[in-house]
>>> print(open('start_14.cif').read())   # mmCIF, C-alpha atoms and all ligand atoms
data_input
loop_
_atom_site.label_atom_id
_atom_site.label_comp_id
_atom_site.auth_asym_id
_atom_site.auth_seq_id
_atom_site.Cartn_x
_atom_site.Cartn_y
_atom_site.Cartn_z
CA MET A 1 -123.04 -146.09 -99.16
CA GLY A 2 -125.55 -145.72 -101.97
CA GLY A 3 -125.65 -142.78 -104.38
CA ILE A 4 -124.66 -139.50 -102.80
CA ILE A 5 -126.60 -137.43 -105.29
CA LEU A 6 -129.32 -135.90 -103.17
CA LYS A 7 -131.85 -135.94 -106.01
CA GLU A 8 -131.72 -139.73 -105.98
CA GLU A 9 -132.51 -139.87 -102.29
CA GLY A 10 -135.39 -137.45 -101.86
CA PRO A 11 -136.31 -133.79 -101.84
CA SER A 12 -133.94 -131.41 -100.03
CA CYS A 13 -136.74 -130.06 -97.77
CA GLN A 14 -136.75 -133.40 -95.92
CA ILE A 15 -133.12 -132.89 -94.97
CA LEU A 16 -133.80 -129.27 -94.06
CA ASN A 17 -136.64 -130.30 -91.75
CA ALA A 18 -134.55 -133.03 -90.16
CA LYS A 19 -131.70 -130.69 -89.11
CA PRO A 20 -131.06 -130.38 -85.38
CA ASN A 21 -129.86 -127.02 -83.98
CA ASP A 22 -126.27 -128.14 -83.68
CA TYR A 23 -126.19 -129.38 -87.28
CA ARG A 24 -122.62 -129.26 -88.66
CA VAL A 25 -121.32 -130.11 -92.09
CA VAL A 26 -118.00 -130.21 -93.92
CA ALA A 27 -117.20 -130.24 -97.64
CA GLY A 28 -114.69 -132.36 -99.52
CA VAL A 29 -113.50 -130.89 -102.82
CA ASP A 30 -111.42 -132.92 -105.28
CA LEU A 31 -109.92 -130.54 -107.84
CA GLY A 32 -108.92 -133.14 -110.44
CA SER A 33 -107.20 -132.63 -113.78
CA THR A 34 -110.41 -133.17 -115.77
CA ARG A 35 -113.25 -132.82 -113.24
CA ILE A 36 -114.00 -131.13 -109.94
CA LYS A 37 -115.97 -133.24 -107.45
CA VAL A 38 -117.66 -131.81 -104.34
CA VAL A 39 -119.44 -133.67 -101.53
CA ILE A 40 -121.11 -132.44 -98.33
CA TYR A 41 -120.88 -134.61 -95.20
CA ASP A 42 -122.70 -134.23 -91.89
CA GLY A 43 -120.75 -136.74 -89.81
CA SER A 44 -123.05 -139.64 -90.54
CA SER A 45 -123.96 -139.40 -94.21
CA PHE A 46 -123.10 -137.72 -97.46
CA ILE A 47 -126.00 -135.40 -98.17
CA ALA A 48 -125.01 -133.93 -101.54
CA GLY A 49 -122.47 -134.53 -104.28
CA MET A 50 -121.82 -132.97 -107.67
CA LYS A 51 -119.14 -132.91 -110.36
CA ASP A 52 -118.27 -130.69 -113.29
CA ALA A 53 -115.54 -130.38 -115.89
CA THR A 54 -112.38 -128.57 -114.77
CA CYS A 55 -112.20 -125.32 -116.75
CA ASP A 56 -111.35 -122.59 -114.28
CA PRO A 57 -110.68 -124.79 -111.19
CA GLU A 58 -111.40 -122.18 -108.51
CA ALA A 59 -114.52 -120.77 -110.19
CA THR A 60 -115.87 -124.29 -110.84
CA ALA A 61 -115.20 -125.38 -107.25
CA ILE A 62 -116.92 -122.26 -105.85
CA ASN A 63 -119.89 -122.80 -108.14
CA LEU A 64 -120.20 -126.48 -107.14
CA LEU A 65 -119.87 -125.63 -103.44
CA GLY A 66 -122.76 -123.19 -103.81
CA LYS A 67 -124.90 -125.71 -105.66
CA THR A 68 -124.23 -128.63 -103.32
CA SER A 69 -124.84 -126.42 -100.27
CA SER A 70 -128.19 -125.30 -101.63
CA GLU A 71 -129.04 -128.89 -102.68
CA ALA A 72 -128.35 -129.91 -99.07
CA GLY A 73 -130.51 -127.05 -97.78
CA LEU A 74 -127.67 -125.37 -95.88
CA ALA A 75 -128.19 -121.86 -94.52
CA GLU A 76 -124.47 -121.43 -93.79
CA PRO A 77 -121.40 -122.51 -95.79
CA PRO A 78 -119.78 -125.79 -94.64
CA GLU A 79 -117.77 -125.35 -91.44
CA VAL A 80 -114.65 -126.87 -92.96
CA ILE A 81 -113.79 -127.01 -96.66
CA ALA A 82 -111.09 -129.58 -97.42
CA THR A 83 -109.42 -129.87 -100.80
CA THR A 84 -107.41 -132.54 -102.58
CA GLY A 85 -106.30 -133.32 -106.13
CA TYR A 86 -104.04 -131.57 -108.63
CA GLY A 87 -105.63 -128.18 -108.11
CA ARG A 88 -106.01 -128.46 -104.34
CA ARG A 89 -104.17 -125.20 -103.72
CA CYS A 90 -106.37 -123.25 -106.16
CA LEU A 91 -109.31 -122.74 -103.80
CA LYS A 92 -108.43 -119.81 -101.54
CA THR A 93 -111.43 -120.31 -99.24
CA ALA A 94 -110.34 -123.86 -98.35
CA ASN A 95 -109.46 -124.43 -94.68
CA ILE A 96 -107.35 -127.55 -95.10
CA THR A 97 -105.64 -129.52 -97.84
CA PHE A 98 -104.88 -133.24 -98.02
CA THR A 99 -102.72 -135.23 -100.44
CA GLU A 100 -104.41 -137.40 -103.03
CA ILE A 101 -102.97 -140.57 -101.52
CA ALA A 102 -104.45 -139.75 -98.09
CA THR A 103 -107.90 -138.87 -99.47
CA HIS A 104 -108.20 -141.69 -102.01
CA ALA A 105 -107.16 -144.22 -99.39
CA LYS A 106 -109.68 -142.82 -96.89
CA GLY A 107 -112.47 -142.57 -99.46
CA ALA A 108 -111.92 -146.02 -100.93
CA PHE A 109 -111.79 -147.66 -97.48
CA HIS A 110 -115.13 -146.00 -96.69
CA LEU A 111 -116.71 -147.09 -99.98
CA VAL A 112 -115.31 -150.65 -99.90
CA PRO A 113 -115.05 -151.44 -96.18
CA HIS A 114 -112.01 -153.54 -95.28
CA CYS A 115 -110.40 -153.22 -98.71
CA HIS A 116 -106.68 -154.00 -98.57
CA PHE A 117 -105.72 -152.29 -101.78
CA VAL A 118 -106.85 -149.33 -103.90
CA VAL A 119 -106.26 -148.77 -107.60
CA ASP A 120 -107.23 -145.27 -108.73
CA ILE A 121 -107.00 -144.18 -112.36
CA GLY A 122 -107.97 -140.57 -112.97
CA GLY A 123 -107.53 -138.12 -115.81
CA GLN A 124 -103.81 -137.60 -115.41
CA ASP A 125 -102.41 -140.21 -113.06
CA ALA A 126 -102.70 -143.80 -111.88
CA LYS A 127 -101.99 -144.94 -108.34
CA GLY A 128 -101.90 -148.09 -106.26
CA ILE A 129 -102.23 -147.89 -102.46
CA ARG A 130 -101.76 -150.74 -99.97
CA LEU A 131 -103.80 -150.40 -96.79
CA SER A 132 -103.52 -151.91 -93.33
CA ALA A 133 -106.47 -153.78 -91.80
CA ASP A 134 -107.70 -150.51 -90.25
CA GLY A 135 -107.34 -148.50 -93.46
CA ARG A 136 -104.00 -146.75 -92.91
CA VAL A 137 -101.72 -146.19 -95.91
CA GLU A 138 -98.86 -148.73 -95.78
CA ASP A 139 -97.30 -148.03 -99.16
CA PHE A 140 -98.16 -146.59 -102.55
CA VAL A 141 -97.00 -146.21 -106.14
CA MET A 142 -98.00 -143.50 -108.54
CA ASN A 143 -97.56 -142.66 -112.21
CA ASP A 144 -98.05 -138.94 -112.60
CA LYS A 145 -95.18 -138.33 -115.00
CA CYS A 146 -96.82 -139.30 -118.26
CA ALA A 147 -100.36 -139.74 -119.59
CA ALA A 148 -99.81 -143.39 -120.61
CA GLY A 149 -102.40 -145.64 -118.99
CA THR A 150 -104.50 -142.78 -117.61
CA GLY A 151 -107.91 -141.31 -118.44
CA ARG A 152 -106.25 -138.76 -120.70
CA PHE A 153 -104.73 -141.61 -122.75
CA LEU A 154 -108.17 -143.21 -123.04
CA SER A 155 -109.92 -139.96 -124.00
CA THR A 156 -107.30 -139.21 -126.69
CA MET A 157 -107.72 -142.71 -128.16
CA GLY A 158 -111.51 -142.29 -128.07
CA GLN A 159 -111.15 -139.09 -130.09
CA ALA A 160 -108.89 -140.84 -132.63
CA LEU A 161 -111.51 -143.60 -132.96
CA GLY A 162 -114.43 -141.16 -133.06
CA ILE A 163 -116.02 -142.85 -130.02
CA PRO A 164 -117.03 -141.05 -126.78
CA VAL A 165 -115.03 -142.23 -123.77
CA ASP A 166 -118.11 -143.64 -122.00
CA HIS A 167 -118.91 -145.86 -125.02
CA LEU A 168 -115.48 -147.51 -125.08
CA GLY A 169 -116.12 -150.01 -122.27
CA PRO A 170 -119.37 -151.54 -123.57
CA SER A 171 -117.94 -151.93 -127.10
CA ALA A 172 -114.98 -154.08 -126.04
CA ILE A 173 -116.40 -156.50 -123.48
CA GLY A 174 -115.58 -160.10 -124.46
CA VAL A 175 -113.69 -158.95 -127.58
CA GLU A 176 -110.31 -160.50 -128.48
CA PRO A 177 -107.84 -157.58 -128.29
CA HIS A 178 -105.68 -156.46 -131.19
CA ARG A 179 -102.25 -155.89 -129.65
CA ILE A 180 -101.24 -152.24 -129.29
CA ASN A 181 -97.47 -151.84 -129.06
CA ALA A 182 -97.08 -148.13 -128.27
CA MET A 183 -97.84 -146.94 -124.74
CA CYS A 184 -96.85 -143.32 -125.21
CA THR A 185 -100.06 -141.37 -125.92
CA VAL A 186 -98.65 -139.66 -129.03
CA PHE A 187 -97.30 -142.88 -130.60
CA ALA A 188 -100.36 -144.92 -129.57
CA GLU A 189 -102.62 -142.38 -131.31
CA SER A 190 -100.61 -142.79 -134.55
CA GLU A 191 -100.76 -146.58 -134.16
CA VAL A 192 -104.54 -146.49 -133.65
CA ILE A 193 -105.03 -144.31 -136.75
CA SER A 194 -102.84 -146.66 -138.78
CA LEU A 195 -104.83 -149.72 -137.55
CA ILE A 196 -108.12 -148.02 -138.52
CA HIS A 197 -106.69 -147.43 -142.02
CA HIS A 198 -105.68 -151.09 -142.23
CA GLY A 199 -109.27 -152.13 -141.51
CA VAL A 200 -108.79 -153.55 -138.00
CA PRO A 201 -112.25 -153.55 -136.33
CA ARG A 202 -112.59 -150.67 -133.89
CA ASN A 203 -113.78 -152.89 -131.03
CA GLU A 204 -110.59 -155.01 -131.33
CA ILE A 205 -108.47 -151.85 -131.21
CA ILE A 206 -110.38 -150.65 -128.13
CA ALA A 207 -109.98 -154.05 -126.44
CA GLY A 208 -106.24 -153.79 -127.21
CA LEU A 209 -106.04 -150.33 -125.62
CA HIS A 210 -107.92 -151.56 -122.54
CA SER A 211 -105.63 -154.59 -122.25
CA SER A 212 -102.56 -152.40 -122.43
CA ILE A 213 -103.90 -150.07 -119.69
CA ALA A 214 -104.75 -153.12 -117.54
CA ARG A 215 -101.29 -154.70 -118.09
CA ARG A 216 -99.49 -151.44 -117.39
CA THR A 217 -101.48 -150.76 -114.21
CA ALA A 218 -101.07 -154.33 -112.92
CA SER A 219 -97.33 -154.19 -113.48
CA MET A 220 -97.10 -150.79 -111.76
CA VAL A 221 -98.81 -152.11 -108.59
CA ALA A 222 -97.22 -155.61 -108.63
CA SER A 223 -94.35 -154.60 -106.30
CA LEU A 224 -96.94 -153.80 -103.58
CA HIS A 225 -98.43 -157.33 -103.79
CA PRO A 226 -102.12 -156.35 -103.97
CA GLU A 227 -104.42 -158.54 -101.87
CA PRO A 228 -108.23 -158.64 -102.06
CA PRO A 229 -110.57 -156.94 -101.47
CA ILE A 230 -109.26 -154.48 -104.08
CA ALA A 231 -111.17 -151.23 -104.66
CA PHE A 232 -111.00 -149.58 -108.08
CA THR A 233 -111.80 -145.83 -108.11
CA GLY A 234 -111.40 -142.77 -110.37
CA GLY A 235 -113.04 -141.99 -113.70
CA VAL A 236 -111.50 -144.93 -115.56
CA SER A 237 -113.21 -147.35 -113.14
CA GLN A 238 -116.42 -146.49 -115.04
CA ASN A 239 -115.09 -148.50 -117.99
CA ALA A 240 -116.51 -152.01 -117.39
CA ASP A 241 -114.12 -153.68 -119.82
CA ILE A 242 -111.04 -152.25 -118.10
CA VAL A 243 -112.51 -153.42 -114.77
CA LYS A 244 -112.61 -157.02 -116.07
CA ARG A 245 -109.21 -156.96 -117.73
CA LEU A 246 -107.54 -155.27 -114.75
CA GLY A 247 -108.92 -157.92 -112.40
CA ARG A 248 -107.51 -160.66 -114.65
CA GLU A 249 -104.09 -158.99 -114.87
CA ILE A 250 -103.83 -158.39 -111.10
CA GLY A 251 -105.08 -161.89 -110.35
CA TYR A 252 -108.08 -160.85 -108.21
CA PRO A 253 -111.38 -159.18 -109.13
CA VAL A 254 -111.50 -155.43 -108.52
CA ILE A 255 -114.54 -153.84 -106.85
CA VAL A 256 -116.01 -150.60 -108.22
CA PRO A 257 -118.26 -149.03 -105.56
CA PRO A 258 -121.25 -146.88 -106.66
CA ASP A 259 -119.54 -143.55 -105.89
CA ALA A 260 -116.08 -144.54 -107.15
CA ILE A 261 -115.51 -141.24 -108.95
CA TYR A 262 -116.11 -139.34 -105.70
CA ALA A 263 -113.54 -141.31 -103.67
CA GLY A 264 -111.09 -138.39 -103.35
CA ALA A 265 -113.78 -135.87 -102.37
CA ILE A 266 -115.32 -138.36 -99.91
CA GLY A 267 -111.92 -139.00 -98.34
CA ALA A 268 -111.29 -135.26 -98.03
CA ALA A 269 -114.66 -134.78 -96.30
CA LEU A 270 -114.04 -137.67 -93.88
CA LEU A 271 -110.58 -136.29 -92.99
CA ALA A 272 -112.12 -132.82 -92.62
CA TRP A 273 -114.67 -134.25 -90.20
CA GLU A 274 -111.89 -135.84 -88.12
CA HIS A 275 -110.10 -132.47 -88.14
CA LEU A 276 -113.29 -130.74 -86.96
CA ALA A 277 -113.76 -133.29 -84.20
CA GLN A 278 -110.16 -132.75 -83.00
CA ARG A 279 -110.55 -128.97 -83.17
CA SER A 280 -113.74 -129.17 -81.13
CA GLY A 281 -111.97 -131.28 -78.54
P1 LIG B 1 -109.43 -136.33 -112.34
O1 LIG B 1 -109.69 -136.52 -110.86
O2 LIG B 1 -107.98 -136.30 -112.70
O3 LIG B 1 -110.19 -135.17 -112.91
P2 LIG B 1 -111.27 -138.51 -112.85
O4 LIG B 1 -111.05 -139.50 -111.76
O5 LIG B 1 -112.46 -137.66 -112.77
O6 LIG B 1 -109.95 -137.64 -113.06
O7 LIG B 1 -111.25 -139.32 -114.22
C1 LIG B 1 -111.33 -138.67 -115.46
C2 LIG B 1 -111.11 -139.69 -116.56
O8 LIG B 1 -112.05 -140.74 -116.44
C3 LIG B 1 -111.33 -139.09 -117.94
O9 LIG B 1 -110.08 -138.68 -118.48
C4 LIG B 1 -111.95 -140.23 -118.75
O10 LIG B 1 -110.97 -140.88 -119.53
C5 LIG B 1 -112.43 -141.23 -117.71
N1 LIG B 1 -113.90 -141.34 -117.68
C6 LIG B 1 -114.76 -140.44 -117.22
N2 LIG B 1 -116.04 -140.88 -117.34
C7 LIG B 1 -115.96 -142.10 -117.87
C8 LIG B 1 -116.92 -143.09 -118.24
N3 LIG B 1 -118.23 -142.91 -118.07
N4 LIG B 1 -116.47 -144.24 -118.75
C9 LIG B 1 -115.15 -144.45 -118.91
N5 LIG B 1 -114.20 -143.55 -118.59
C10 LIG B 1 -114.59 -142.40 -118.09
#
>>> encode(input="start_14.cif", output="structure tokens", more="lines below")
Ligand code: ADP
Amino acid sequence: MGGIILKEEGPSCQILNAKPNDYRVVAGVDLGSTRIKVVIYDGSSFIAGMKDATCDPEATAINLLGKTSSEAGLAEPPEVIATTGYGRRCLKTANITFTEIATHAKGAFHLVPHCHFVVDIGGQDAKGIRLSADGRVEDFVMNDKCAAGTGRFLSTMGQALGIPVDHLGPSAIGVEPHRINAMCTVFAESEVISLIHHGVPRNEIIAGLHSSIARRTASMVASLHPEPPIAFTGGVSQNADIVKRLGREIGYPVIVPPDAIYAGAIGAALLAWEHLAQRSG
């Protein structure tokens, strides 16, 4: 699948004109710890997708549902609204809720067809999921107890370094890492500040942070014996340097599909569509 952002694919009136009378759509809503992601699916393609920072989760989700529905040219709200993510129980108008493991597995298998393994690193957790040949969840591991190795860890370190999180990846590619010993977010922040004061170049510190996230993630998923193709999803997959280092640590390259940050919302929409199909007999 290419970009799901409707603006990139053409004006919404084309979709409106193309709608048959029995046109049905569902929405997948991923209420994550840092961002809400919403996609609209019509059973064959994703016709709109948007994301926004998580402030008030329910209000943000409602606002995004309205915007994506109008972007998709819908006259009626989606027939089924499925939620996932940390705040999945916040949206009272949702019809169905799925766990993050179920939706990320489903979404990643759709985005990287035939992938055998999924690594997802979001704002507040990291997970590894082993899939069967037909995309069913065989086993999973998850770190949702502490921020170490997650997007929150990365964002905090970016703040300590005075560098926006989306600039971290490009600045560390091909750079020899300076070893970071602390993994706890609080201690690592102190270590980073101390390294800055000792004149260690910022890009070496960043490479060190990326290496430690890659090592930690690879060791977390090692017990599941990841096999390629391996999909890498979640916000941290947008960091190209972590992508490279993670692939090296796991022993196989990891694939970041174009809509990797929407994997949970996409999975929720696909599961919602299956639910709708069952309900309709
Ligand atoms: P959640 O679902 O928990 O809200 P996401 O999967 O949206 O989490 O990931 C959010 C995290 O991704 C942020 O904490 C941030 O560290 C990281 N992130 C977001 N955008 C980028 C980017 N462009 N480059 C690198 N990291 C990013």
>>> closest_residue(input="start_14.cif", among="A:Thr68, A:Ser194, A:Thr93, A:Ser33", to="ligand LIG 1 (chain B)", atoms="all atoms listed in the file")
A:Ser33
>>> closest_residue(input="start_14.cif", among="A:Ala61, A:Val29, A:Val165, A:Val243", to="Glu100 of chain A", atoms="all atoms listed in the file")
A:Val29
>>> closest_atom_pairs(input="start_14.cif", of="segment 88-114 of chain A", to="segment 78-81 of chain A", cutoff="8 Å", atoms="only C-alpha atoms", output="tab-separated table")
residue	atom	partner	partner_atom	distance
A:Thr93	CA	A:Ile81	CA	7.6
A:Ala94	CA	A:Ile81	CA	5.0
A:Asn95	CA	A:Ile81	CA	5.4
A:Ile96	CA	A:Ile81	CA	6.6
>>> closest_residue(input="start_14.cif", among="A:Ala148, A:Glu204, A:Ser155, A:Ala218", to="Ala188 of chain A", atoms="all atoms listed in the file")
A:Ala148
>>> residues_near_ligand(input="start_14.cif", ligand="ligand LIG 1 (chain B)", cutoff="9 Å", atoms="all atoms listed in the file", output="short mmCIF file (atom, residue, chain, number, x, y, z; two decimals) with C-alpha atoms, keeping the file's coordinate frame")
data_model
loop_
_atom_site.label_atom_id
_atom_site.label_comp_id
_atom_site.auth_asym_id
_atom_site.auth_seq_id
_atom_site.Cartn_x
_atom_site.Cartn_y
_atom_site.Cartn_z
CA ASP A 30 -111.42 -132.92 -105.28
CA LEU A 31 -109.92 -130.54 -107.84
CA GLY A 32 -108.92 -133.14 -110.44
CA SER A 33 -107.20 -132.63 -113.78
CA THR A 34 -110.41 -133.17 -115.77
CA ARG A 35 -113.25 -132.82 -113.24
CA ILE A 36 -114.00 -131.13 -109.94
CA LYS A 37 -115.97 -133.24 -107.45
CA LYS A 51 -119.14 -132.91 -110.36
CA ALA A 53 -115.54 -130.38 -115.89
CA THR A 54 -112.38 -128.57 -114.77
CA GLY A 85 -106.30 -133.32 -106.13
CA TYR A 86 -104.04 -131.57 -108.63
CA ASP A 120 -107.23 -145.27 -108.73
CA ILE A 121 -107.00 -144.18 -112.36
CA GLY A 122 -107.97 -140.57 -112.97
CA GLY A 123 -107.53 -138.12 -115.81
CA GLN A 124 -103.81 -137.60 -115.41
CA ASP A 125 -102.41 -140.21 -113.06
CA THR A 150 -104.50 -142.78 -117.61
CA GLY A 151 -107.91 -141.31 -118.44
CA ARG A 152 -106.25 -138.76 -120.70
CA PHE A 153 -104.73 -141.61 -122.75
CA LEU A 154 -108.17 -143.21 -123.04
CA SER A 155 -109.92 -139.96 -124.00
CA THR A 156 -107.30 -139.21 -126.69
CA GLY A 158 -111.51 -142.29 -128.07
CA PRO A 164 -117.03 -141.05 -126.78
CA VAL A 165 -115.03 -142.23 -123.77
CA ASP A 166 -118.11 -143.64 -122.00
CA HIS A 167 -118.91 -145.86 -125.02
CA LEU A 168 -115.48 -147.51 -125.08
CA GLY A 169 -116.12 -150.01 -122.27
CA THR A 233 -111.80 -145.83 -108.11
CA GLY A 234 -111.40 -142.77 -110.37
CA GLY A 235 -113.04 -141.99 -113.70
CA VAL A 236 -111.50 -144.93 -115.56
CA SER A 237 -113.21 -147.35 -113.14
CA GLN A 238 -116.42 -146.49 -115.04
CA ASN A 239 -115.09 -148.50 -117.99
CA ALA A 240 -116.51 -152.01 -117.39
CA ILE A 242 -111.04 -152.25 -118.10
CA ALA A 260 -116.08 -144.54 -107.15
CA ILE A 261 -115.51 -141.24 -108.95
CA TYR A 262 -116.11 -139.34 -105.70
CA ALA A 263 -113.54 -141.31 -103.67
CA GLY A 264 -111.09 -138.39 -103.35
#
>>> residues_around(input="start_14.cif", residues="Ala182 of chain A", least_positions_apart="3", cutoff="12 Å", atoms="all atoms listed in the file", output="ChimeraX atom specification")
/A:148-149,153,157,179,185-192,208-209,212-213,216
>>> atom_distance(input="start_14.cif", atom1="atom CA of Val118 of chain A", atom2="atom CA of Ala105 of chain A")
6.8 Å
>>> atom_distance(input="start_14.cif", atom1="atom CA of Ile163 of chain A", atom2="atom CA of Pro177 of chain A")
16.9 Å
